[in-house]
Amino acid sequence: MIPTVPFDLIFSVFVGLVFAACARVQFANGGSPWGRELAAVLSFEAIIVWPVALYFFLVHPAWSWMYLIDPARLPWGVSGLVLLGYAATLLAGYLAGWAMVRAHKEKILYAALAALGLALITFLVACRGRIAHAGTFDEYHAGHALNLGEGKLGWALAATSTGVAIAIVLVGFTLWEQGKRSRS
């Protein structure tokens with residue numbers, strides 16, 4: 001996870017689709033998307049994503065907006081709206097995945113995952129200059145932003161990305177295991 005606003009909105013849809021794919025056995029057997037699977041998805045958002053996003057919004061605000069917007073000019077409370085956007089896109093991916101599994105269109109689900117994965121990689125490559133620098137909005141645009149590894153942003157990004165990746169694997173594994181139990 002690269003906790004910048006544009007990346008994370010796309011990434012949230014991707015993760016929602018991943019979680020739906022992991023719960024495909026429950027959904028294919030007529031399971032509702034509103035059960036304990038949804039509780040796992042929303043817990044991931046509230047316990048993992050929101051605290052990480054808030055840290056980056058508060059400590060590295062210009063970087064979080066990829067130096068596209070000066071965070072000092074944003075109205076108070078916009079971070080809360082972004083957090084709701086993250087939850088909405090995660091739910092959108094999860095429910096879209098559920099609908100594809102229910103309609104027996106798993107190949108479309110996997111194609112959507114591949115397309116979004118490719119889009120995220122393309123996004124990272126295209127925006128690597130913005131992601132690889134740490135500083136204020138003015139420092140970045142003046143060409144004085146530090147390289148990612150020269151400050152605490154690099155360490156914070158490595159630690160939080162690792163934690164989020166582990167959480168995604170654990171939630172996905174939990175959904176997968178619940179599906180194995182529902183088959184029995």
# chains A, B, ... in the order shown; residues from 1 in each chain; ligands from 1
call {"tool": "select_by_dssp", "arguments": {"residues": "range 13-123 of chain A", "states": "alpha helix (DSSP H)", "output": "ChimeraX atom specification"}}
result
/A:13-22,24-28,36-44,50-59,61-64,78-102,106-123
call {"tool": "residues_around", "arguments": {"residues": "range 124-126 of chain A", "least_positions_apart": "6", "cutoff": "12 Å", "atoms": "only C-alpha atoms", "output": "ChimeraX atom specification"}}
result
/A:1-4,6-8,10-11,66,117-118,132
call {"tool": "select_by_dssp", "arguments": {"residues": "chain A", "states": "strand (DSSP E or B)", "output": "PDB file with N, CA and C atoms, in the first residue's frame"}}
result
ATOM      1  N   HIS A 133       9.755  11.206  -3.147  1.00  0.00           N
ATOM      2  CA  HIS A 133      10.263  12.405  -2.486  1.00  0.00           C
ATOM      3  C   HIS A 133       9.413  12.759  -1.275  1.00  0.00           C
ATOM      4  N   ALA A 134      10.074  13.311  -0.281  1.00  0.00           N
ATOM      5  CA  ALA A 134       9.399  13.699   0.962  1.00  0.00           C
ATOM      6  C   ALA A 134       9.657  15.167   1.229  1.00  0.00           C
ATOM      7  N   LEU A 146      13.349  15.994  -0.098  1.00  0.00           N
ATOM      8  CA  LEU A 146      14.319  14.925   0.149  1.00  0.00           C
ATOM      9  C   LEU A 146      13.920  13.670  -0.613  1.00  0.00           C
ATOM     10  N   ASN A 147      14.897  12.825  -0.858  1.00  0.00           N
ATOM     11  CA  ASN A 147      14.582  11.504  -1.391  1.00  0.00           C
ATOM     12  C   ASN A 147      13.878  10.709  -0.304  1.00  0.00           C
TER      13      ASN A 147
END
call {"tool": "closest_residue", "arguments": {"among": "A:Met100, A:Leu148, A:Leu95, A:Leu175", "to": "His60 in chain A", "atoms": "only C-alpha atoms"}}
result
A:Leu148
call {"tool": "residues_around", "arguments": {"residues": "Gly35 in chain A", "least_positions_apart": "6", "cutoff": "12 Å", "atoms": "only C-alpha atoms", "output": "PyMOL selection string"}}
result
chain A and resi 23+26-27+41-42+175+178
call {"tool": "residues_around", "arguments": {"residues": "range 69-72 of chain A", "least_positions_apart": "3", "cutoff": "9 Å", "atoms": "only C-alpha atoms", "output": "tab-separated table (two decimals) with C-alpha atoms, in the first residue's frame"}}
result
chain	number	residue	atom	x	y	z
A	57	PHE	CA	-2.48	12.67	6.32
A	61	PRO	CA	0.11	15.65	4.16
A	62	ALA	CA	1.68	16.97	0.94
A	64	SER	CA	-0.31	11.96	0.81
A	65	TRP	CA	-1.77	14.18	-1.89
A	66	MET	CA	1.26	13.43	-4.13
A	75	PRO	CA	-10.82	22.67	4.11
A	136	THR	CA	6.19	20.04	1.85
A	137	PHE	CA	4.19	21.12	-1.16
A	138	ASP	CA	6.46	24.14	-1.67
call {"tool": "atom_distance", "arguments": {"atom1": "CA of Cys22 in chain A", "atom2": "CA of Leu170 in chain A"}}
result
10.9 Å
call {"tool": "closest_residue", "arguments": {"among": "A:Val169, A:Ala96, A:Ala142, A:Ala158", "to": "Ala112 in chain A", "atoms": "only C-alpha atoms"}}
result
A:Ala96
call {"tool": "residues_around", "arguments": {"residues": "range 45-55 of chain A", "least_positions_apart": "6", "cutoff": "7 Å", "atoms": "only C-alpha atoms", "output": "list in words"}}
result
Pro3, Leu83, Ala87, Thr160 and Val164 of chain A
call {"tool": "write_last_selection", "arguments": {"atoms": "N, CA and C atoms", "output": "PDB file, in the first residue's frame"}}
result
ATOM      1  N   PRO A   3       0.251   4.858   0.722  1.00  0.00           N
ATOM      2  CA  PRO A   3      -0.883   5.628   1.255  1.00  0.00           C
ATOM      3  C   PRO A   3      -0.988   7.051   0.717  1.00  0.00           C
ATOM      4  N   LEU A  83     -11.329   9.284   4.112  1.00  0.00           N
ATOM      5  CA  LEU A  83     -11.476   7.993   4.800  1.00  0.00           C
ATOM      6  C   LEU A  83     -12.790   7.328   4.412  1.00  0.00           C
ATOM      7  N   ALA A  87     -13.421   3.696   2.436  1.00  0.00           N
ATOM      8  CA  ALA A  87     -14.383   2.662   2.831  1.00  0.00           C
ATOM      9  C   ALA A  87     -15.370   2.386   1.694  1.00  0.00           C
ATOM     10  N   THR A 160       4.503   0.513   7.458  1.00  0.00           N
ATOM     11  CA  THR A 160       3.053   0.450   7.291  1.00  0.00           C
ATOM     12  C   THR A 160       2.658  -0.400   6.095  1.00  0.00           C
ATOM     13  N   VAL A 164       0.160  -3.509   6.382  1.00  0.00           N
ATOM     14  CA  VAL A 164      -1.075  -3.586   5.596  1.00  0.00           C
ATOM     15  C   VAL A 164      -1.080  -4.845   4.732  1.00  0.00           C
TER      16      VAL A 164
END
call {"tool": "closest_residue", "arguments": {"among": "A:Ala20, A:Val15, A:Ala88, A:Ala111", "to": "Ala165 in chain A", "atoms": "only C-alpha atoms"}}
result
A:Val15
call {"tool": "closest_residue", "arguments": {"among": "A:Phe173, A:Phe14, A:Trp34, A:Trp155", "to": "Ala119 in chain A", "atoms": "only C-alpha atoms"}}
result
A:Phe14
call {"tool": "atom_distance", "arguments": {"atom1": "CA of Thr122 in chain A", "atom2": "CA of Ser12 in chain A"}}
result
16.1 Å
